[in-house]
2 protein chains.
Amino acid sequence: MYINVLKDIPDKLEEENFQSILSARSVRVERIVSHGHASPPSFWYDQDEAEWVLLLKGAAVLEFEGEAEALRLAPGDHVDIPAHRRHRVASTAPDEPTVWLAVFYDGKQPLA
Amino acid sequence: MYINVLKDIPDKLEEENFQSILSARSVRVERIVSHGHASPPSFWYDQDEAEWVLLLKGAAVLEFEGEAEALRLAPGDHVDIPAHRRHRVASTAPDEPTVWLAVFYDGKQPLA
């Protein structure tokens, strides 16, 4: 199903909404909509793939394991998260949908 | 250099502005800013890589060789362009910057 990334936003979200946009051999693109969601306390994402994520709407705070300072993201901000870099979503905007574009890819370096 | 994809927009653009955002083995992400630019008449892009492109701001019309109907893109619209699918930018908004996010990737199918 074709979705406009910015307009086709689900109204009510009990859980985060994941929508596959592109799926190829080397890359996957997903649209993620959060509505005040955060990762559970002391939960860390630990992913086999690298993930480049762009915040399109709303606001979010990301935490990375071992880093004292959290990363605040506004629309247009992005971050490249290497595979197995443990991270969590500390918070997203409580009063509006937060829309992410996530590009998952093989983050391994080419052989020298 | 870190750029906010939506906020760090060059003021005056004689030519389209390309900004590399992510460069990995399997995928490249670029931010492209057009300001009324279009492809030259009868010019066609013919690329070795597949390109998934998302329009973030502004407006654009894309043409694909052999297709009578052009594709009008509004913010949030996206299109996946296979490698060597010949296409051109017929127009972009004349009165505001048009901001694209382009994901270039290896579009070859996995071996069966």
# chains A, B, ... in the order shown; residues from 1 in each chain; ligands from 1
>>> interface_residues(of="chain B", to="chain A", cutoff="7 Å", atoms="only C-alpha atoms", output="PyMOL selection string")
chain B and resi 4-7+24-27+75-77+105-107+109-110
>>> select_by_dssp(residues="region 67-110 of chain A", states="strand (DSSP E or B)", output="number ranges by chain")
A: 71-73, 78-81, 87-92, 98-105
>>> residues_around(residues="Phe18 (chain A)", least_positions_apart="4", cutoff="8 Å", atoms="only C-alpha atoms", output="list in words")
Glu30, Arg31, Ile32 and Val33 of chain A
>>> write_last_selection(atoms="N, CA, C and O atoms", output="PDB file, in the first residue's frame")
ATOM      1  N   GLU A  30      11.744   2.303   6.545  1.00  0.00           N
ATOM      2  CA  GLU A  30      10.489   2.220   7.301  1.00  0.00           C
ATOM      3  C   GLU A  30      10.072   3.602   7.769  1.00  0.00           C
ATOM      4  O   GLU A  30      10.905   4.432   8.092  1.00  0.00           O
ATOM      5  N   ARG A  31       8.751   3.784   7.835  1.00  0.00           N
ATOM      6  CA  ARG A  31       8.218   4.975   8.479  1.00  0.00           C
ATOM      7  C   ARG A  31       7.729   4.511   9.856  1.00  0.00           C
ATOM      8  O   ARG A  31       6.993   3.528   9.973  1.00  0.00           O
ATOM      9  N   ILE A  32       8.142   5.219  10.882  1.00  0.00           N
ATOM     10  CA  ILE A  32       7.746   4.880  12.244  1.00  0.00           C
ATOM     11  C   ILE A  32       6.998   6.068  12.836  1.00  0.00           C
ATOM     12  O   ILE A  32       7.458   7.207  12.723  1.00  0.00           O
ATOM     13  N   VAL A  33       5.833   5.812  13.419  1.00  0.00           N
ATOM     14  CA  VAL A  33       5.079   6.877  14.090  1.00  0.00           C
ATOM     15  C   VAL A  33       4.973   6.532  15.575  1.00  0.00           C
ATOM     16  O   VAL A  33       4.485   5.452  15.947  1.00  0.00           O
TER      17      VAL A  33
END
>>> residues_around(residues="region 85-87 of chain B", least_positions_apart="4", cutoff="6 Å", atoms="only C-alpha atoms", output="CSV table (one decimal) with all heavy atoms, in the first residue's frame")
chain,number,residue,atom,x,y,z
B,44,TRP,N,17.7,12.8,-19.9
B,44,TRP,CA,17.2,11.8,-19.0
B,44,TRP,C,18.3,11.3,-18.0
B,44,TRP,O,19.4,11.0,-18.5
B,44,TRP,CB,16.7,10.6,-19.8
B,44,TRP,CG,15.6,10.8,-20.8
B,44,TRP,CD1,15.7,11.1,-22.1
B,44,TRP,CD2,14.2,10.9,-20.4
B,44,TRP,NE1,14.4,11.3,-22.6
B,44,TRP,CE2,13.5,11.2,-21.6
B,44,TRP,CE3,13.5,10.8,-19.2
B,44,TRP,CZ2,12.1,11.4,-21.7
B,44,TRP,CZ3,12.1,11.0,-19.3
B,44,TRP,CH2,11.4,11.3,-20.5
B,45,TYR,N,18.0,11.2,-16.8
B,45,TYR,CA,18.8,10.5,-15.9
B,45,TYR,C,18.8,9.0,-16.2
B,45,TYR,O,17.7,8.5,-16.4
B,45,TYR,CB,18.4,10.7,-14.4
B,45,TYR,CG,18.6,12.0,-13.8
B,45,TYR,CD1,17.6,12.9,-13.7
B,45,TYR,CD2,19.9,12.3,-13.3
B,45,TYR,CE1,17.8,14.2,-13.1
B,45,TYR,CE2,20.1,13.6,-12.7
B,45,TYR,CZ,19.0,14.5,-12.6
B,45,TYR,OH,19.3,15.7,-12.1
B,46,ASP,N,20.0,8.4,-16.2
B,46,ASP,CA,20.1,6.9,-16.5
B,46,ASP,C,21.2,6.4,-15.5
B,46,ASP,O,22.3,6.5,-15.8
B,46,ASP,CB,20.4,6.7,-17.9
B,46,ASP,CG,20.4,5.3,-18.3
B,46,ASP,OD1,20.6,4.4,-17.4
B,46,ASP,OD2,20.2,5.0,-19.5
B,63,GLU,N,9.1,13.0,-14.8
B,63,GLU,CA,8.7,12.2,-16.0
B,63,GLU,C,9.5,11.0,-16.1
B,63,GLU,O,10.7,11.0,-15.8
B,63,GLU,CB,8.9,13.1,-17.2
B,63,GLU,CG,7.9,14.3,-17.2
B,63,GLU,CD,8.1,15.2,-18.4
B,63,GLU,OE1,9.2,15.1,-19.1
B,63,GLU,OE2,7.3,16.1,-18.6
B,64,PHE,N,8.9,10.0,-16.6
B,64,PHE,CA,9.6,8.7,-16.9
B,64,PHE,C,9.5,8.4,-18.4
B,64,PHE,O,8.4,8.5,-18.9
B,64,PHE,CB,9.0,7.6,-16.0
B,64,PHE,CG,9.2,7.7,-14.6
B,64,PHE,CD1,8.4,8.5,-13.8
B,64,PHE,CD2,10.4,7.2,-14.0
B,64,PHE,CE1,8.6,8.7,-12.4
B,64,PHE,CE2,10.6,7.4,-12.6
B,64,PHE,CZ,9.7,8.1,-11.9
B,65,GLU,N,10.6,8.0,-19.0
B,65,GLU,CA,10.6,7.7,-20.4
B,65,GLU,C,9.5,6.7,-20.7
B,65,GLU,O,9.4,5.7,-20.1
B,65,GLU,CB,11.9,7.3,-20.9
B,65,GLU,CG,12.1,7.3,-22.4
B,65,GLU,CD,13.5,6.9,-22.8
B,65,GLU,OE1,14.0,5.8,-22.3
B,65,GLU,OE2,14.1,7.5,-23.7
>>> residues_around(residues="region 36-40 of chain B", least_positions_apart="4", cutoff="10 Å", atoms="only C-alpha atoms", output="short mmCIF file (atom, residue, chain, number, x, y, z; two decimals) with all heavy atoms, in the first residue's frame")
data_model
loop_
_atom_site.label_atom_id
_atom_site.label_comp_id
_atom_site.auth_asym_id
_atom_site.auth_seq_id
_atom_site.Cartn_x
_atom_site.Cartn_y
_atom_site.Cartn_z
N LEU B 13 20.41 29.61 -4.88
CA LEU B 13 20.93 28.42 -5.55
C LEU B 13 20.96 28.67 -7.05
O LEU B 13 19.92 28.74 -7.69
CB LEU B 13 20.05 27.21 -5.25
CG LEU B 13 20.09 26.69 -3.82
CD1 LEU B 13 19.04 25.60 -3.64
CD2 LEU B 13 21.46 26.14 -3.50
N GLU B 14 22.17 28.79 -7.58
CA GLU B 14 22.31 28.86 -9.04
C GLU B 14 22.06 27.47 -9.62
O GLU B 14 21.46 27.32 -10.67
CB GLU B 14 23.72 29.34 -9.42
CG GLU B 14 24.03 30.75 -8.99
CD GLU B 14 23.24 31.78 -9.79
OE1 GLU B 14 23.13 31.59 -11.00
OE2 GLU B 14 22.72 32.74 -9.17
N GLU B 15 22.58 26.48 -8.92
CA GLU B 15 22.41 25.10 -9.36
C GLU B 15 21.83 24.31 -8.20
O GLU B 15 21.79 24.77 -7.07
CB GLU B 15 23.77 24.50 -9.75
CG GLU B 15 24.48 25.36 -10.77
CD GLU B 15 25.66 24.66 -11.40
OE1 GLU B 15 26.07 23.61 -10.86
OE2 GLU B 15 26.16 25.15 -12.43
N GLU B 16 21.39 23.11 -8.50
CA GLU B 16 20.88 22.27 -7.42
C GLU B 16 22.00 21.99 -6.42
O GLU B 16 23.17 21.92 -6.79
CB GLU B 16 20.37 20.94 -7.98
CG GLU B 16 19.05 21.08 -8.70
CD GLU B 16 18.47 19.72 -9.06
OE1 GLU B 16 19.18 18.96 -9.73
OE2 GLU B 16 17.34 19.43 -8.65
N TRP B 44 17.73 12.83 -19.87
CA TRP B 44 17.20 11.77 -19.00
C TRP B 44 18.29 11.30 -18.05
O TRP B 44 19.41 11.05 -18.47
CB TRP B 44 16.73 10.56 -19.82
CG TRP B 44 15.60 10.85 -20.76
CD1 TRP B 44 15.70 11.07 -22.09
CD2 TRP B 44 14.21 10.94 -20.42
NE1 TRP B 44 14.45 11.30 -22.62
CE2 TRP B 44 13.52 11.22 -21.62
CE3 TRP B 44 13.48 10.82 -19.23
CZ2 TRP B 44 12.13 11.38 -21.66
CZ3 TRP B 44 12.10 10.98 -19.27
CH2 TRP B 44 11.44 11.26 -20.48
N TYR B 45 17.95 11.21 -16.78
CA TYR B 45 18.83 10.50 -15.85
C TYR B 45 18.79 9.01 -16.18
O TYR B 45 17.71 8.45 -16.42
CB TYR B 45 18.36 10.66 -14.40
CG TYR B 45 18.61 12.01 -13.80
CD1 TYR B 45 17.59 12.94 -13.70
CD2 TYR B 45 19.87 12.35 -13.30
CE1 TYR B 45 17.80 14.20 -13.13
CE2 TYR B 45 20.09 13.60 -12.72
CZ TYR B 45 19.05 14.51 -12.64
OH TYR B 45 19.27 15.74 -12.08
N GLY B 58 8.30 21.60 -0.64
CA GLY B 58 8.16 22.12 -1.99
C GLY B 58 7.25 21.25 -2.84
O GLY B 58 6.28 20.66 -2.33
N ALA B 59 7.57 21.16 -4.12
CA ALA B 59 6.76 20.36 -5.04
C ALA B 59 7.61 20.04 -6.25
O ALA B 59 8.55 20.78 -6.58
CB ALA B 59 5.52 21.15 -5.47
N ALA B 60 7.29 18.94 -6.92
CA ALA B 60 8.06 18.55 -8.11
C ALA B 60 7.20 17.69 -9.02
O ALA B 60 6.23 17.07 -8.59
CB ALA B 60 9.32 17.79 -7.70
N VAL B 61 7.59 17.71 -10.29
CA VAL B 61 6.97 16.83 -11.28
C VAL B 61 8.08 16.02 -11.93
O VAL B 61 9.06 16.57 -12.42
CB VAL B 61 6.22 17.65 -12.36
CG1 VAL B 61 5.61 16.71 -13.40
CG2 VAL B 61 5.14 18.52 -11.72
N LEU B 62 7.94 14.70 -11.88
CA LEU B 62 8.90 13.79 -12.50
C LEU B 62 8.28 13.16 -13.75
O LEU B 62 7.09 12.85 -13.77
CB LEU B 62 9.28 12.64 -11.54
CG LEU B 62 10.13 12.96 -10.33
CD1 LEU B 62 10.45 11.66 -9.58
CD2 LEU B 62 11.44 13.64 -10.73
N HIS B 87 14.53 8.87 -16.35
CA HIS B 87 13.59 9.82 -15.76
C HIS B 87 14.19 11.22 -15.80
O HIS B 87 15.40 11.39 -15.97
CB HIS B 87 13.25 9.42 -14.32
CG HIS B 87 14.43 9.44 -13.40
ND1 HIS B 87 15.40 8.45 -13.39
CD2 HIS B 87 14.82 10.34 -12.45
CE1 HIS B 87 16.32 8.74 -12.48
NE2 HIS B 87 15.99 9.88 -11.90
N ARG B 88 13.36 12.22 -15.64
CA ARG B 88 13.82 13.60 -15.59
C ARG B 88 12.91 14.41 -14.66
O ARG B 88 11.78 13.99 -14.36
CB ARG B 88 13.88 14.24 -16.97
CG ARG B 88 12.55 14.36 -17.68
CD ARG B 88 12.73 14.80 -19.13
NE ARG B 88 13.30 16.15 -19.21
CZ ARG B 88 12.58 17.28 -19.06
NH1 ARG B 88 11.28 17.24 -18.86
NH2 ARG B 88 13.17 18.45 -19.14
N VAL B 89 13.46 15.51 -14.18
CA VAL B 89 12.68 16.43 -13.35
C VAL B 89 12.06 17.45 -14.29
O VAL B 89 12.76 18.29 -14.87
CB VAL B 89 13.57 17.12 -12.30
CG1 VAL B 89 12.74 18.07 -11.44
CG2 VAL B 89 14.28 16.08 -11.43
N ALA B 90 10.76 17.36 -14.48
CA ALA B 90 10.07 18.29 -15.39
C ALA B 90 10.01 19.68 -14.77
O ALA B 90 10.17 20.68 -15.46
CB ALA B 90 8.67 17.78 -15.71
N SER B 91 9.78 19.75 -13.48
CA SER B 91 9.73 21.06 -12.81
C SER B 91 9.81 20.88 -11.31
O SER B 91 9.50 19.81 -10.78
CB SER B 91 8.43 21.81 -13.16
OG SER B 91 7.32 21.10 -12.67
N THR B 92 10.24 21.96 -10.64
CA THR B 92 10.12 22.05 -9.18
C THR B 92 9.49 23.40 -8.86
O THR B 92 9.43 24.28 -9.72
CB THR B 92 11.50 21.92 -8.48
OG1 THR B 92 12.39 22.92 -9.00
CG2 THR B 92 12.10 20.54 -8.71
N ALA B 93 9.01 23.54 -7.64
CA ALA B 93 8.30 24.77 -7.24
C ALA B 93 9.15 26.00 -7.56
O ALA B 93 10.33 26.04 -7.22
CB ALA B 93 7.97 24.71 -5.75
N PRO B 94 8.57 27.02 -8.21
CA PRO B 94 9.36 28.20 -8.58
C PRO B 94 9.60 29.15 -7.42
O PRO B 94 10.54 29.94 -7.46
CB PRO B 94 8.49 28.87 -9.65
CG PRO B 94 7.09 28.46 -9.32
CD PRO B 94 7.18 27.08 -8.71
N ASP B 95 8.77 29.08 -6.38
CA ASP B 95 8.74 30.14 -5.37
C ASP B 95 9.24 29.70 -3.99
O ASP B 95 9.16 30.46 -3.03
CB ASP B 95 7.31 30.68 -5.25
CG ASP B 95 6.29 29.53 -5.10
OD1 ASP B 95 6.71 28.35 -5.21
OD2 ASP B 95 5.11 29.82 -4.87
N GLU B 96 9.73 28.49 -3.89
CA GLU B 96 10.25 28.02 -2.60
C GLU B 96 11.23 26.90 -2.88
O GLU B 96 11.18 26.27 -3.94
CB GLU B 96 9.10 27.51 -1.69
CG GLU B 96 8.35 26.35 -2.31
CD GLU B 96 7.34 25.72 -1.36
OE1 GLU B 96 7.57 25.72 -0.15
OE2 GLU B 96 6.32 25.20 -1.85
N PRO B 97 12.12 26.62 -1.93
CA PRO B 97 13.04 25.51 -2.13
C PRO B 97 12.28 24.17 -2.13
O PRO B 97 11.32 24.00 -1.37
CB PRO B 97 13.98 25.58 -0.93
CG PRO B 97 13.78 26.93 -0.33
CD PRO B 97 12.38 27.33 -0.66
N THR B 98 12.70 23.29 -2.98
CA THR B 98 12.20 21.92 -2.96
C THR B 98 13.30 21.03 -2.37
O THR B 98 14.44 21.07 -2.84
CB THR B 98 11.80 21.45 -4.37
OG1 THR B 98 10.65 22.19 -4.78
CG2 THR B 98 11.48 19.97 -4.40
#
>>> atom_distance(atom1="CA of Gln47 (chain A)", atom2="CA of Ile81 (chain A)")
9.3 Å
>>> atom_distance(atom1="CA of Lys12 (chain A)", atom2="CA of Leu101 (chain A)")
19.2 Å
>>> atom_distance(atom1="CA of His84 (chain B)", atom2="CA of Asp48 (chain B)")
6.0 Å
>>> decode(residues="region 51-78 of chain B", atoms="N, CA and C atoms", output="compact mmCIF listing (two decimals), in the first residue's frame")
# COMPACT_ATOMS: atom_id res chain seq x y z
N GLU B 51 17.35 4.32 -6.97
CA GLU B 51 17.20 5.52 -6.14
C GLU B 51 15.77 5.58 -5.60
N TRP B 52 15.69 5.59 -4.28
CA TRP B 52 14.40 5.86 -3.64
C TRP B 52 14.44 7.32 -3.20
N VAL B 53 13.44 8.09 -3.63
CA VAL B 53 13.50 9.52 -3.35
C VAL B 53 12.20 9.95 -2.67
N LEU B 54 12.36 10.78 -1.63
CA LEU B 54 11.24 11.28 -0.83
C LEU B 54 11.24 12.79 -0.94
N LEU B 55 10.12 13.37 -1.29
CA LEU B 55 10.02 14.83 -1.32
C LEU B 55 9.65 15.33 0.08
N LEU B 56 10.48 16.20 0.64
CA LEU B 56 10.27 16.68 2.02
C LEU B 56 9.58 18.04 2.07
N LYS B 57 9.91 18.91 1.12
CA LYS B 57 9.35 20.27 1.09
C LYS B 57 9.21 20.69 -0.36
N GLY B 58 8.30 21.60 -0.64
CA GLY B 58 8.16 22.12 -1.99
C GLY B 58 7.25 21.25 -2.84
N ALA B 59 7.57 21.16 -4.12
CA ALA B 59 6.76 20.36 -5.04
C ALA B 59 7.61 20.04 -6.25
N ALA B 60 7.29 18.94 -6.92
CA ALA B 60 8.06 18.55 -8.11
C ALA B 60 7.20 17.69 -9.02
N VAL B 61 7.59 17.71 -10.29
CA VAL B 61 6.97 16.83 -11.28
C VAL B 61 8.08 16.02 -11.93
N LEU B 62 7.94 14.70 -11.88
CA LEU B 62 8.90 13.79 -12.50
C LEU B 62 8.28 13.16 -13.75
N GLU B 63 9.12 12.97 -14.76
CA GLU B 63 8.69 12.25 -15.96
C GLU B 63 9.54 10.99 -16.12
N PHE B 64 8.90 9.95 -16.60
CA PHE B 64 9.58 8.69 -16.87
C PHE B 64 9.45 8.39 -18.36
N GLU B 65 10.56 7.99 -18.95
CA GLU B 65 10.55 7.74 -20.39
C GLU B 65 9.49 6.71 -20.75
N GLY B 66 8.71 7.03 -21.77
CA GLY B 66 7.70 6.08 -22.24
C GLY B 66 6.38 6.15 -21.49
N GLU B 67 6.32 6.99 -20.47
CA GLU B 67 5.06 7.14 -19.73
C GLU B 67 4.43 8.48 -20.06
N ALA B 68 3.17 8.43 -20.47
CA ALA B 68 2.48 9.66 -20.87
C ALA B 68 2.24 10.56 -19.66
N GLU B 69 1.96 9.93 -18.54
CA GLU B 69 1.56 10.72 -17.37
C GLU B 69 2.75 11.04 -16.47
N ALA B 70 2.88 12.30 -16.11
CA ALA B 70 3.95 12.70 -15.20
C ALA B 70 3.51 12.41 -13.76
N LEU B 71 4.50 12.39 -12.87
CA LEU B 71 4.24 12.09 -11.47
C LEU B 71 4.41 13.37 -10.65
N ARG B 72 3.32 13.81 -10.04
CA ARG B 72 3.36 15.02 -9.22
C ARG B 72 3.62 14.64 -7.77
N LEU B 73 4.64 15.23 -7.20
CA LEU B 73 5.03 14.89 -5.83
C LEU B 73 4.79 16.07 -4.89
N ALA B 74 4.12 15.79 -3.78
CA ALA B 74 3.92 16.75 -2.70
C ALA B 74 4.75 16.28 -1.51
N PRO B 75 4.94 17.12 -0.50
CA PRO B 75 5.71 16.69 0.66
C PRO B 75 5.18 15.37 1.25
N GLY B 76 6.08 14.45 1.49
CA GLY B 76 5.72 13.12 2.00
C GLY B 76 5.58 12.08 0.92
N ASP B 77 5.49 12.51 -0.35
CA ASP B 77 5.41 11.55 -1.46
C ASP B 77 6.80 11.03 -1.80
N HIS B 78 6.84 9.81 -2.31
CA HIS B 78 8.12 9.14 -2.59
C HIS B 78 7.94 8.22 -3.77
